[in-house]
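Text of input-v3.cif (mmCIF, C-alpha atoms and all ligand atoms) as supplied:
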data_query
loop_
_atom_site.label_atom_id
_atom_site.label_comp_id
_atom_site.auth_asym_id
_atom_site.auth_seq_id
_atom_site.Cartn_x
_atom_site.Cartn_y
_atom_site.Cartn_z
CA MET A 1 -42.13 0.06 18.67
CA ALA A 2 -38.49 0.07 17.73
CA PRO A 3 -37.40 3.04 15.65
CA ASP A 4 -35.66 2.42 12.33
CA ALA A 5 -34.72 6.00 11.49
CA ALA A 6 -35.59 9.32 13.11
CA GLU A 7 -35.52 12.85 11.90
CA ARG A 8 -35.91 16.14 13.78
CA ILE A 9 -37.45 19.28 12.29
CA ALA A 10 -37.39 22.54 14.22
CA ILE A 11 -40.77 24.28 13.97
CA ASP A 12 -40.59 28.04 13.89
CA SER A 13 -42.59 29.22 10.88
CA ASP A 14 -45.12 28.26 8.20
CA ALA A 15 -42.28 27.01 6.04
CA ASP A 16 -41.23 24.52 8.76
CA VAL A 17 -44.79 23.15 8.90
CA VAL A 18 -44.54 22.45 5.17
CA THR A 19 -41.12 20.81 5.63
CA ALA A 20 -42.45 18.54 8.38
CA ARG A 21 -45.27 17.25 6.27
CA GLN A 22 -43.08 16.77 3.22
CA ARG A 23 -40.60 14.73 5.27
CA ALA A 24 -43.39 12.56 6.65
CA ARG A 25 -44.70 11.95 3.15
CA ALA A 26 -41.22 10.97 2.01
CA LEU A 27 -40.97 8.41 4.83
CA ALA A 28 -44.48 7.12 4.15
CA VAL A 29 -43.49 6.58 0.51
CA THR A 30 -40.64 4.28 1.59
CA LEU A 31 -43.31 2.09 3.26
CA GLU A 32 -45.33 2.15 0.05
CA MET A 33 -48.21 3.69 1.97
CA PRO A 34 -51.20 4.44 -0.28
CA SER A 35 -51.40 8.08 -1.30
CA THR A 36 -54.65 8.59 0.61
CA ASP A 37 -52.94 7.53 3.84
CA GLN A 38 -49.95 9.74 3.02
CA THR A 39 -52.30 12.69 2.64
CA LEU A 40 -54.19 11.91 5.85
CA LEU A 41 -50.90 11.68 7.74
CA ALA A 42 -49.52 14.87 6.17
CA THR A 43 -52.69 16.74 7.09
CA ALA A 44 -52.54 15.52 10.71
CA ILE A 45 -48.93 16.73 10.94
CA SER A 46 -49.92 20.04 9.43
CA GLU A 47 -52.48 20.51 12.20
CA ILE A 48 -50.25 19.71 15.15
CA ALA A 49 -47.24 21.56 13.75
CA ARG A 50 -49.40 24.59 12.99
CA ASN A 51 -50.68 24.52 16.56
CA ILE A 52 -47.04 24.80 17.66
CA THR A 53 -46.45 27.97 15.62
CA THR A 54 -49.83 29.40 16.67
CA TYR A 55 -49.92 28.60 20.37
CA ALA A 56 -46.35 27.86 21.45
CA VAL A 57 -44.42 29.96 18.86
CA ARG A 58 -41.76 27.30 18.44
CA GLY A 59 -41.10 23.64 19.05
CA GLU A 60 -39.97 20.54 17.24
CA VAL A 61 -41.29 17.57 15.33
CA PHE A 62 -39.67 14.13 15.28
CA ILE A 63 -40.58 11.73 12.52
CA GLU A 64 -39.51 8.10 12.50
CA LEU A 65 -40.28 4.75 10.98
CA VAL A 66 -41.49 2.23 13.54
CA ARG A 67 -42.37 -1.45 13.62
CA ASP A 68 -44.74 -3.21 16.01
CA ALA A 69 -44.42 -6.68 17.53
CA LYS A 70 -46.14 -8.26 14.52
CA GLY A 71 -43.69 -6.63 12.14
CA ARG A 72 -46.20 -4.09 10.86
CA ARG A 73 -44.49 -0.87 9.85
CA GLY A 74 -45.61 2.71 10.26
CA VAL A 75 -44.68 6.35 10.61
CA LYS A 76 -44.56 7.85 14.09
CA VAL A 77 -44.63 11.60 14.64
CA VAL A 78 -43.91 13.39 17.90
CA ALA A 79 -44.62 17.12 18.07
CA ARG A 80 -43.24 18.79 21.17
CA ASP A 81 -43.26 22.34 22.47
CA GLN A 82 -42.54 24.22 25.69
CA GLY A 83 -45.50 26.53 25.17
CA PRO A 84 -48.39 27.36 27.53
CA GLY A 85 -49.82 23.83 27.50
CA ILE A 86 -53.53 23.01 27.41
CA ALA A 87 -55.58 23.44 30.58
CA ASP A 88 -58.75 21.67 29.49
CA LEU A 89 -57.68 18.87 27.19
CA GLU A 90 -61.13 17.38 26.86
CA ARG A 91 -62.50 20.65 25.49
CA ALA A 92 -59.49 21.12 23.21
CA LEU A 93 -60.34 17.74 21.68
CA THR A 94 -63.94 18.75 21.05
CA ASP A 95 -64.94 19.69 17.48
CA GLY A 96 -65.18 23.43 17.09
CA TYR A 97 -63.39 24.47 20.29
CA THR A 98 -60.80 27.17 19.62
CA THR A 99 -59.04 29.84 21.64
CA GLY A 100 -57.18 31.17 18.61
CA GLY A 101 -59.94 32.09 16.17
CA GLY A 102 -59.44 28.88 14.21
CA LEU A 103 -61.99 26.29 13.20
CA GLY A 104 -61.27 24.22 16.30
CA LEU A 105 -60.91 21.05 14.25
CA GLY A 106 -57.14 20.60 14.32
CA LEU A 107 -56.72 18.31 17.31
CA PRO A 108 -59.96 16.32 16.98
CA GLY A 109 -59.45 16.13 13.20
CA ALA A 110 -55.85 14.95 13.53
CA ARG A 111 -57.02 12.28 15.95
CA ARG A 112 -59.43 10.95 13.31
CA LEU A 113 -56.81 11.09 10.56
CA VAL A 114 -54.34 8.69 12.19
CA ASP A 115 -54.34 5.26 13.85
CA GLU A 116 -52.85 6.22 17.20
CA PHE A 117 -53.05 9.56 18.94
CA ASP A 118 -51.81 10.74 22.33
CA ILE A 119 -51.36 14.11 24.03
CA GLN A 120 -49.31 14.88 27.11
CA THR A 121 -49.88 18.43 28.30
CA ALA A 122 -50.30 20.59 31.39
CA PRO A 123 -50.53 24.34 31.89
CA GLY A 124 -47.01 25.78 31.85
CA GLU A 125 -45.50 22.41 30.97
CA GLY A 126 -45.75 22.52 27.19
CA THR A 127 -47.47 20.01 24.94
CA THR A 128 -46.37 16.76 23.31
CA VAL A 129 -48.59 15.16 20.68
CA THR A 130 -47.75 11.68 19.37
CA LEU A 131 -49.27 10.19 16.22
CA VAL A 132 -48.82 6.87 14.43
CA LYS A 133 -50.09 5.91 11.01
CA TRP A 134 -49.65 2.21 10.25
CA SER A 135 -48.96 0.86 6.82
CA ARG A 136 -51.73 -1.42 5.64
CA SER A 137 -49.36 -3.73 3.78
CA ALA A 138 -47.16 -6.10 5.80
CA MET B 1 -12.90 62.79 22.64
CA SER B 2 -10.91 59.86 24.00
CA GLU B 3 -7.18 59.97 23.55
CA GLY B 4 -7.26 56.92 21.26
CA LEU B 5 -9.82 58.50 18.98
CA SER B 6 -7.99 61.81 18.69
CA VAL B 7 -4.77 59.99 17.79
CA ILE B 8 -6.71 58.09 15.10
CA GLU B 9 -8.19 61.33 13.84
CA GLY B 10 -4.69 62.81 13.64
CA VAL B 11 -3.46 59.94 11.45
CA LEU B 12 -6.61 60.02 9.27
CA ARG B 13 -6.05 63.72 8.59
CA GLY B 14 -2.26 63.97 8.59
CA GLN B 15 -1.32 60.80 6.70
CA ARG B 16 -4.42 60.28 4.64
CA GLU B 17 -2.64 59.78 1.29
CA THR B 18 -0.25 57.15 2.69
CA LEU B 19 -3.12 55.40 4.44
CA LEU B 20 -5.24 55.38 1.28
CA ALA B 21 -2.43 54.00 -0.85
CA GLU B 22 -1.54 51.27 1.68
CA TRP B 23 -5.19 50.37 2.26
CA VAL B 24 -5.92 49.96 -1.46
CA LYS B 25 -2.75 47.87 -1.73
CA ALA B 26 -3.93 45.69 1.18
CA GLN B 27 -7.33 45.21 -0.45
CA LEU B 28 -5.71 44.15 -3.70
CA ALA B 29 -3.41 41.74 -1.86
CA ALA B 30 -6.20 40.19 0.22
CA PRO B 31 -6.88 36.52 -0.49
CA GLY B 32 -9.85 36.14 -2.81
CA VAL B 33 -9.71 39.71 -4.10
CA ARG B 34 -12.37 40.10 -6.78
CA THR B 35 -10.66 42.20 -9.43
CA ASP B 36 -12.92 40.29 -11.82
CA LEU B 37 -15.92 42.02 -10.23
CA ILE B 38 -14.53 45.44 -9.34
CA SER B 39 -11.84 47.62 -10.94
CA GLU B 40 -8.84 48.99 -9.09
CA SER B 41 -9.86 52.56 -9.85
CA GLU B 42 -13.35 51.93 -8.53
CA LEU B 43 -11.83 50.50 -5.35
CA ARG B 44 -9.67 53.59 -4.97
CA VAL B 45 -12.65 55.95 -5.39
CA GLU B 46 -14.75 53.97 -2.87
CA SER B 47 -11.89 53.86 -0.36
CA ASP B 48 -11.20 57.58 -0.72
CA ARG B 49 -14.86 58.44 -0.20
CA PHE B 50 -15.00 56.16 2.82
CA LEU B 51 -11.97 57.83 4.45
CA THR B 52 -13.63 61.22 3.97
CA ALA B 53 -16.79 60.06 5.73
CA LEU B 54 -14.77 58.28 8.42
CA VAL B 55 -12.66 61.28 9.40
CA GLU B 56 -15.79 63.45 9.65
CA ALA B 57 -17.49 60.91 11.90
CA VAL B 58 -14.44 60.39 14.11
CA SER B 59 -14.08 64.16 14.63
CA ALA B 60 -17.76 64.51 15.48
CA ASP B 61 -17.87 61.45 17.74
CA SER B 62 -18.50 62.22 21.38
CA ASN B 63 -16.05 59.72 22.77
CA ALA B 64 -18.61 56.93 22.84
CA MET B 65 -17.54 55.59 19.43
CA ASP B 66 -21.12 54.54 18.89
CA ILE B 67 -21.37 53.88 15.16
CA MET B 68 -25.18 53.68 15.38
CA ASP B 69 -25.21 57.35 16.46
CA PRO B 70 -26.59 59.83 13.83
CA ARG B 71 -23.08 61.32 13.57
CA TRP B 72 -22.07 58.08 11.83
CA ASP B 73 -24.96 58.19 9.33
CA ALA B 74 -22.75 58.96 6.31
CA VAL B 75 -20.34 56.13 7.15
CA ARG B 76 -23.13 53.61 7.64
CA ASP B 77 -24.95 54.71 4.51
CA GLN B 78 -21.83 54.23 2.46
CA LEU B 79 -21.23 50.76 3.90
CA THR B 80 -24.86 49.80 3.28
CA THR B 81 -24.68 50.90 -0.36
CA LEU B 82 -21.35 49.17 -0.82
CA SER B 83 -22.69 45.91 0.68
CA ARG B 84 -25.77 46.01 -1.48
CA THR B 85 -23.79 46.63 -4.67
CA ARG B 86 -21.31 43.91 -3.85
CA ALA B 87 -24.01 41.40 -2.91
CA THR B 88 -25.66 42.00 -6.28
CA ARG B 89 -22.36 41.67 -8.11
CA GLY B 90 -21.69 38.29 -6.52
CA PHE B 91 -19.21 39.06 -3.74
CA SER B 92 -19.30 36.67 -0.77
CA PRO B 93 -19.94 38.13 2.72
CA THR B 94 -16.24 37.72 3.58
CA GLU B 95 -15.07 39.36 0.36
CA THR B 96 -17.41 42.26 1.11
CA ALA B 97 -16.31 42.74 4.73
CA THR B 98 -12.65 42.59 3.64
CA PHE B 99 -13.12 46.17 2.43
CA VAL B 100 -13.27 47.32 6.06
CA PHE B 101 -11.09 44.70 7.76
CA SER B 102 -8.14 45.31 5.43
CA LEU B 103 -7.95 48.85 6.80
CA LYS B 104 -6.62 47.43 10.08
CA GLU B 105 -3.05 46.63 9.11
CA PRO B 106 -2.13 49.92 7.36
CA LEU B 107 -3.91 51.91 10.07
CA PHE B 108 -2.11 50.08 12.91
CA GLU B 109 1.20 50.52 11.09
CA LEU B 110 0.74 54.31 11.05
CA LEU B 111 -0.53 54.39 14.64
CA LYS B 112 2.63 52.62 15.81
CA SER B 113 4.71 55.76 15.39
CA THR B 114 2.29 58.04 17.25
CA GLU B 115 2.76 59.56 20.71
CA GLY B 116 0.92 58.42 23.83
CA ASP B 117 -0.57 55.18 25.13
CA LEU B 118 -0.16 52.86 22.15
CA VAL B 119 -2.19 50.04 23.68
CA ALA B 120 -5.17 52.33 24.27
CA THR B 121 -4.91 53.73 20.76
CA ILE B 122 -4.74 50.30 19.13
CA TRP B 123 -7.65 49.17 21.28
CA SER B 124 -9.79 52.08 20.05
CA ALA B 125 -8.79 51.40 16.45
CA THR B 126 -9.62 47.69 16.81
CA GLN B 127 -13.05 48.42 18.24
CA LEU B 128 -13.70 50.90 15.49
CA VAL B 129 -12.69 48.70 12.55
CA ASP B 130 -14.37 45.60 14.01
CA GLY B 131 -17.59 47.50 14.61
CA LEU B 132 -17.63 48.80 11.05
CA GLY B 133 -16.72 45.36 9.65
CA LEU B 134 -19.56 43.67 11.50
CA TYR B 135 -21.93 46.38 10.37
CA THR B 136 -20.87 45.67 6.78
CA SER B 137 -21.57 41.95 7.16
CA GLU B 138 -25.00 42.66 8.57
CA ALA B 139 -25.77 45.13 5.80
CA TYR B 140 -24.74 42.46 3.29
CA LEU B 141 -27.12 39.91 4.86
CA ARG B 142 -29.93 42.44 5.03
CA SER B 143 -29.60 43.25 1.36
CA ARG B 144 -29.63 39.54 0.48
CA GLU B 145 -32.76 39.04 2.55
CA GLU B 146 -34.41 41.97 0.78
CA VAL B 147 -33.67 40.35 -2.57
CA ILE B 148 -35.08 37.01 -1.41
CA ARG B 149 -38.20 38.62 0.02
CA ARG B 150 -38.80 40.54 -3.19
CA GLN B 151 -38.41 37.41 -5.28
CA GLN B 152 -40.80 35.54 -2.99
CA ASP B 153 -43.43 38.27 -3.36
CA GLU B 154 -43.02 38.20 -7.12
CA LEU B 155 -43.33 34.41 -7.15
CA ILE B 156 -46.48 34.53 -5.06
CA GLU B 157 -48.07 36.94 -7.50
CA LEU B 158 -46.90 34.97 -10.52
CA SER B 159 -48.28 31.74 -9.14
CA THR B 160 -51.75 33.06 -8.46
CA PRO B 161 -53.38 34.16 -11.67
CA VAL B 162 -57.06 34.96 -11.48
CA VAL B 163 -58.42 34.42 -14.99
CA LYS B 164 -61.61 35.67 -16.52
CA LEU B 165 -63.26 32.59 -18.05
CA TRP B 166 -66.33 34.21 -19.48
CA GLN B 167 -68.44 37.32 -19.00
CA GLY B 168 -69.27 37.23 -15.28
CA VAL B 169 -67.11 34.22 -14.44
CA VAL B 170 -63.60 34.28 -12.95
CA ALA B 171 -61.45 31.28 -12.00
CA LEU B 172 -58.54 30.87 -9.62
CA PRO B 173 -56.54 27.70 -10.26
CA LEU B 174 -54.52 27.13 -7.09
CA ILE B 175 -51.31 25.17 -7.43
CA GLY B 176 -48.88 24.12 -4.73
CA THR B 177 -48.64 24.58 -1.01
CA LEU B 178 -50.80 27.24 0.59
CA ASP B 179 -49.05 28.79 3.55
CA SER B 180 -50.84 31.64 5.25
CA ALA B 181 -48.86 34.41 3.52
CA ARG B 182 -49.65 33.08 0.08
CA THR B 183 -53.27 32.27 0.85
CA GLN B 184 -53.75 35.86 1.97
CA VAL B 185 -52.39 37.29 -1.29
CA VAL B 186 -54.37 34.82 -3.38
CA MET B 187 -57.67 35.54 -1.71
CA GLU B 188 -57.13 39.30 -1.94
CA SER B 189 -56.41 39.14 -5.66
CA LEU B 190 -59.48 36.96 -6.18
CA LEU B 191 -61.76 39.49 -4.50
CA GLN B 192 -60.09 42.29 -6.43
CA ARG B 193 -60.71 40.56 -9.77
CA ILE B 194 -64.34 39.83 -8.86
CA VAL B 195 -64.88 43.56 -8.48
CA GLU B 196 -62.88 44.51 -11.60
CA THR B 197 -64.67 42.04 -13.85
CA ASP B 198 -68.03 42.51 -12.14
CA SER B 199 -68.34 38.73 -11.88
CA ALA B 200 -71.26 36.85 -10.40
CA ILE B 201 -69.37 33.57 -10.07
CA ALA B 202 -65.86 32.70 -8.94
CA ILE B 203 -64.40 29.24 -9.30
CA ILE B 204 -61.61 28.27 -6.92
CA ASP B 205 -59.91 25.16 -8.24
CA ILE B 206 -57.80 23.20 -5.75
CA THR B 207 -56.75 20.31 -8.01
CA GLY B 208 -53.11 21.35 -7.58
CA VAL B 209 -53.15 21.75 -3.80
CA PRO B 210 -51.49 18.73 -2.13
CA THR B 211 -52.75 19.31 1.43
CA VAL B 212 -55.99 20.86 2.61
CA ASP B 213 -55.77 21.41 6.35
CA THR B 214 -58.06 23.44 8.60
CA MET B 215 -56.06 26.63 8.00
CA VAL B 216 -56.41 26.36 4.21
CA ALA B 217 -60.09 25.50 4.65
CA GLN B 218 -60.64 28.49 6.88
CA HIS B 219 -59.06 30.81 4.30
CA LEU B 220 -61.22 29.28 1.57
CA LEU B 221 -64.37 29.69 3.63
CA LYS B 222 -63.48 33.30 4.41
CA ALA B 223 -62.96 34.04 0.73
CA VAL B 224 -66.31 32.44 -0.08
CA THR B 225 -68.05 34.57 2.55
CA ALA B 226 -66.32 37.77 1.40
CA ALA B 227 -67.18 37.05 -2.24
CA ARG B 228 -70.78 36.45 -1.28
CA LEU B 229 -70.91 39.83 0.45
CA MET B 230 -69.81 41.34 -2.84
CA GLY B 231 -72.59 39.57 -4.67
CA ALA B 232 -70.56 36.72 -6.15
CA ASP B 233 -71.03 33.00 -5.58
CA CYS B 234 -68.01 30.71 -5.26
CA ILE B 235 -67.64 27.19 -6.53
CA ILE B 236 -64.79 25.14 -5.12
CA SER B 237 -63.65 22.57 -7.66
CA GLY B 238 -60.94 19.97 -7.99
CA ILE B 239 -61.82 18.11 -4.80
CA ARG B 240 -60.02 14.84 -5.45
CA PRO B 241 -61.10 11.68 -3.60
CA LEU B 242 -58.21 11.82 -1.14
CA ILE B 243 -58.92 15.46 -0.34
CA ALA B 244 -62.60 14.59 0.10
CA GLN B 245 -61.60 11.91 2.63
CA THR B 246 -59.37 14.34 4.48
CA ILE B 247 -62.18 16.89 4.65
CA VAL B 248 -64.56 14.29 6.08
CA HIS B 249 -62.04 13.10 8.70
CA LEU B 250 -61.22 16.66 9.73
CA GLY B 251 -64.92 17.33 10.14
CA LEU B 252 -64.92 20.37 7.86
CA ASP B 253 -68.36 21.65 6.98
CA LEU B 254 -68.50 22.71 3.34
CA SER B 255 -72.26 22.27 3.05
CA GLU B 256 -72.76 26.00 2.51
CA VAL B 257 -70.45 25.98 -0.50
CA THR B 258 -71.00 24.58 -3.97
CA THR B 259 -68.28 21.99 -4.56
CA LYS B 260 -67.42 20.05 -7.71
CA SER B 261 -64.92 17.30 -8.25
CA SER B 262 -63.62 18.69 -11.54
CA LEU B 263 -63.00 22.12 -13.00
CA ALA B 264 -65.02 21.13 -16.08
CA ASP B 265 -68.10 20.49 -13.93
CA ALA B 266 -67.61 23.82 -12.20
CA VAL B 267 -67.39 25.66 -15.54
CA THR B 268 -70.60 24.01 -16.73
CA VAL B 269 -72.45 25.04 -13.58
CA ALA B 270 -71.05 28.58 -13.79
CA LEU B 271 -72.14 29.03 -17.40
CA GLU B 272 -75.59 27.62 -16.70
CA ARG B 273 -76.08 29.96 -13.78
CA THR B 274 -75.07 32.95 -15.85
CA GLY B 275 -77.69 32.01 -18.44
CA HIS B 276 -75.51 30.18 -20.93
CA GLN B 277 -75.92 26.80 -22.41
CA ILE B 278 -73.22 24.60 -23.87
CA VAL B 279 -74.42 22.87 -26.99
CA ARG B 280 -72.38 20.42 -28.98
CA ARG B 281 -72.78 20.63 -32.72
CA LYS B 282 -73.05 17.32 -34.51
CA SER B 283 -69.76 17.81 -36.22
CA ALA B 284 -67.21 20.52 -35.76
CA SER B 285 -66.84 20.97 -39.54
CA ALA B 286 -70.58 20.95 -40.36
CA GLU B 287 -70.61 24.62 -41.29
N1 LIG C 1 -49.45 23.11 21.11
C1 LIG C 1 -50.41 23.73 21.78
N2 LIG C 1 -50.12 24.51 22.85
C2 LIG C 1 -51.09 25.17 23.54
N3 LIG C 1 -52.41 25.08 23.24
C3 LIG C 1 -52.77 24.32 22.19
C4 LIG C 1 -51.81 23.62 21.42
N4 LIG C 1 -52.47 22.95 20.44
C5 LIG C 1 -53.77 23.22 20.61
N5 LIG C 1 -53.97 24.04 21.67
C6 LIG C 1 -55.26 24.52 22.19
O1 LIG C 1 -56.28 23.65 21.74
C7 LIG C 1 -57.28 24.37 21.00
C8 LIG C 1 -57.82 23.52 19.89
O2 LIG C 1 -56.79 23.31 18.88
P1 LIG C 1 -57.25 22.90 17.43
O3 LIG C 1 -58.18 21.76 17.53
O4 LIG C 1 -56.03 22.70 16.60
O5 LIG C 1 -58.10 24.14 16.93
P2 LIG C 1 -57.62 25.61 16.49
O6 LIG C 1 -56.14 25.57 16.26
O7 LIG C 1 -58.40 25.89 15.26
O8 LIG C 1 -57.99 26.51 17.63
C9 LIG C 1 -56.57 25.61 20.53
O9 LIG C 1 -57.47 26.67 20.28
C10 LIG C 1 -55.63 25.89 21.70
O10 LIG C 1 -56.31 26.54 22.74
MG MG C 2 -55.13 24.12 15.20
#
Translate this file's structure into structure tokens.
Amino acid sequence: MAPDAAERIAIDSDADVVTARQRARALAVTLEMPSTDQTLLATAISEIARNITTYAVRGEVFIELVRDAKGRRGVKVVARDQGPGIADLERALTDGYTTGGGLGLGLPGARRLVDEFDIQTAPGEGTTVTLVKWSRSA
Amino acid sequence: MSEGLSVIEGVLRGQRETLLAEWVKAQLAAPGVRTDLISESELRVESDRFLTALVEAVSADSNAMDIMDPRWDAVRDQLTTLSRTRATRGFSPTETATFVFSLKEPLFELLKSTEGDLVATIWSATQLVDGLGLYTSEAYLRSREEVIRRQQDELIELSTPVVKLWQGVVALPLIGTLDSARTQVVMESLLQRIVETDSAIAIIDITGVPTVDTMVAQHLLKAVTAARLMGADCIISGIRPLIAQTIVHLGLDLSEVTTKSSLADAVTVALERTGHQIVRRKSASAE
């Protein structure tokens, strides 16, 4: 997946979460992604960026356009923090599991909203979530 | 009191008129002076008042030259007021802090011909003026932030009107991004209006909300629960197809809530439930 253009957004507050999802939408528009897919992607970003402000206080989100071997284009999002990390990842990915009084649907929901989803995390090591939403047109 | 400070005090008391005149002159000569925003006489009055407060504080200071000490209250208050006024009038931060920093040159000039360790004296004077200048800049920024915060609060309230649709029915048309601060205010004003209007039904319309994530959903569900405790039922309307898809993917459970795709449908249901019926006359001009 070779990047075409990348953008970094520091995540520190609610307003930054909004910025991150607006930027992703703007990139998705350049790929002529259908508005449903734009919304699914924006919502997934909202979840992982909000988890940064809730559980790690601050972090960053990188958004870039990518292309796979077949020339299919998409938007890739990497959300990274140096927060406490997640001890039991399997539970964190289970519907309804929350340690922060939320609905516990952010991570599992985000996973269902995008095409590719990956988490690297360990206690004390921070958390990095990577998402890709592919464009359905060529 | 340190030697430097007592020398400064001596100059402030003994050569006050010269200092005032030279300082005002320096302010008027400073690059970017805003005589369009402040008059010379006003400058002179402000400067004179500031010197009065300054000499009091310097005399009372216990050597530490700590401008955050209560003995410096009058000086800080004056700088805070000055920064706020200037920020409102359109001065830049630099133009505002120039008030204090332009005191340096005339003060140093007068200190030059004093007795004692000149380097120590100048050092004290530098620390003093710099400290007050930085305080002024911070006061300026604080007052700007206050203005922005106030405007934000006003905007939040403006953008969240809870309207009474009919006897017993209120509606909240939500438009724009819901961050947690705004959602909080919105939901509180909804509950408030339910009580005020003694409504049995509240319609929350989310047609204008671009993203419904789990945080927004949680706030909505909380509002629905709170309204129910107060005896009112909520209808969430304006669930567009793409929001419906998002809700399904996220796994949100809205089965306990009445949902409608359009506001019109929600209004119909609300009127029916409150015992009304909408009847269309054959022709609007029949009577
Ligand atoms: N960036 C993160 N850093 C540390 N812990 C996290 C992070 N993101 C998620 N978690 C953990 O995973 C749990 C599930 O997250 P999520 O599915 O978004 O639900 P919620 O945020 O509603 O709790 C959280 O309660 C938290 O314990
Ligand atoms: Mg979450």
Taking all atoms listed in the file into account, which of A:Leu31, A:Val57, A:Leu113, A:Val18 comes nearest ligand LIG 1 (chain C)?
A:Val57
At most 7 Å from ligand MG 2 (chain C) (all atoms listed in the file): residue list as a JSON list (two decimals) with C-alpha atoms, in the frame of the given file:
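Saved the output as result03.json:
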[["chain", "number", "residue", "atom", "x", "y", "z"],
["A", 47, "GLU", "CA", -52.48, 20.51, 12.20],
["A", 48, "ILE", "CA", -50.25, 19.71, 15.15],
["A", 50, "ARG", "CA", -49.40, 24.59, 12.99],
["A", 51, "ASN", "CA", -50.68, 24.52, 16.56],
["A", 102, "GLY", "CA", -59.44, 28.88, 14.21],
["A", 104, "GLY", "CA", -61.27, 24.22, 16.30],
["A", 105, "LEU", "CA", -60.91, 21.05, 14.25],
["A", 106, "GLY", "CA", -57.14, 20.60, 14.32],
["A", 107, "LEU", "CA", -56.72, 18.31, 17.31]]
Set the cut-off to 9 Å, count all atoms listed in the file, and list whatever residues fall near ligand LIG 1 (chain C) as a ChimeraX atom specification.
/A:47-57,59,79-89,91-110,121,123,126-129 /B:214-215
Write out as a ChimeraX atom specification each polymer residue whose atoms come within 8 Å of segment 13-26 of chain B, counting all atoms listed in the file; drop sequence neighbours fewer than 4 positions from it.
/B:9,30,43-44,47-48,51,55,102-103,106-107,110
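Atom pair atom CA of Ala29 of chain B / atom CA of Phe101 of chain B: separated by 12.7 Å.
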Work out how far atom CA of Glu40 of chain B is from atom CA of Val129 of chain B, in Å to one decimal.
22.0 Å
Contact residues (chain B, partner chain A, 6 Å, all atoms listed in the file) as a VMD selection string:
chain B and resid 213 242 246 249 to 250
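In terms of minimum interatomic distance to Thr19 of chain A, B:Asp179 ranks closest within B:Glu115, B:Glu95, B:Glu256, B:Asp179, counting all atoms listed in the file.
Here the question is which of B:Met187, B:Leu128, B:Ala200, B:Leu111 gets nearest to Leu221 of chain B using only C-alpha atoms, and that residue is B:Met187.
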What residues have an atom no more than 12 Å from (-39.9, -1.5, 1.6) in the file's own frame, counting all atoms listed in the file, and can you write them as number ranges by chain?
A: 27-33, 65, 72-74, 135, 137-138
Expressed in Å to a single decimal, how great is the separation between atom CA of Ile63 of chain A and atom CA of Lys76 of chain A?
5.8 Å
Find the residues near Asp77 of chain B: any atom within 12 Å, counting all atoms listed in the file, skip ones fewer than 4 places away on the same chain, and give them as a PyMOL selection string.
chain B and resi 49-50+53-54+67-68+70-73+81-84+132+135-136+139
Give as a ChimeraX atom specification every residue, naming chains and numbers as the document does, that has an atom within 9 Å of (-36.6, 15.5, 11.5), counting all atoms listed in the file.
/A:6-10,20,23-24,60-64
Would you save the residues from that selection as a CSV table (one decimal), in the coordinates of the input, using C-alpha atoms?
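Output file part_8.csv follows:
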chain,number,residue,atom,x,y,z
A,6,ALA,CA,-35.6,9.3,13.1
A,7,GLU,CA,-35.5,12.8,11.9
A,8,ARG,CA,-35.9,16.1,13.8
A,9,ILE,CA,-37.4,19.3,12.3
A,10,ALA,CA,-37.4,22.5,14.2
A,20,ALA,CA,-42.4,18.5,8.4
A,23,ARG,CA,-40.6,14.7,5.3
A,24,ALA,CA,-43.4,12.6,6.6
A,60,GLU,CA,-40.0,20.5,17.2
A,61,VAL,CA,-41.3,17.6,15.3
A,62,PHE,CA,-39.7,14.1,15.3
A,63,ILE,CA,-40.6,11.7,12.5
A,64,GLU,CA,-39.5,8.1,12.5
Segment 94-101 of chain A rebuilt with N, CA and C atoms, output as a CSV table (one decimal), in the frame of the given file:
chain,number,residue,atom,x,y,z
A,94,THR,N,-62.6,18.7,21.5
A,94,THR,CA,-63.9,18.8,21.0
A,94,THR,C,-64.0,19.5,19.7
A,95,ASP,N,-64.8,19.0,18.8
A,95,ASP,CA,-64.9,19.7,17.5
A,95,ASP,C,-65.4,21.1,17.7
A,96,GLY,N,-64.7,22.1,17.1
A,96,GLY,CA,-65.2,23.4,17.1
A,96,GLY,C,-64.6,24.3,18.2
A,97,TYR,N,-63.9,23.7,19.2
A,97,TYR,CA,-63.4,24.5,20.3
A,97,TYR,C,-62.1,25.1,19.9
A,98,THR,N,-62.0,26.5,20.0
A,98,THR,CA,-60.8,27.2,19.6
A,98,THR,C,-60.6,28.4,20.5
A,99,THR,N,-59.4,28.6,20.9
A,99,THR,CA,-59.0,29.8,21.6
A,99,THR,C,-58.3,30.8,20.7
A,100,GLY,N,-58.0,30.4,19.5
A,100,GLY,CA,-57.2,31.2,18.6
A,100,GLY,C,-57.9,31.6,17.4
A,101,GLY,N,-59.2,31.6,17.4
A,101,GLY,CA,-59.9,32.1,16.2
A,101,GLY,C,-59.8,31.1,15.0
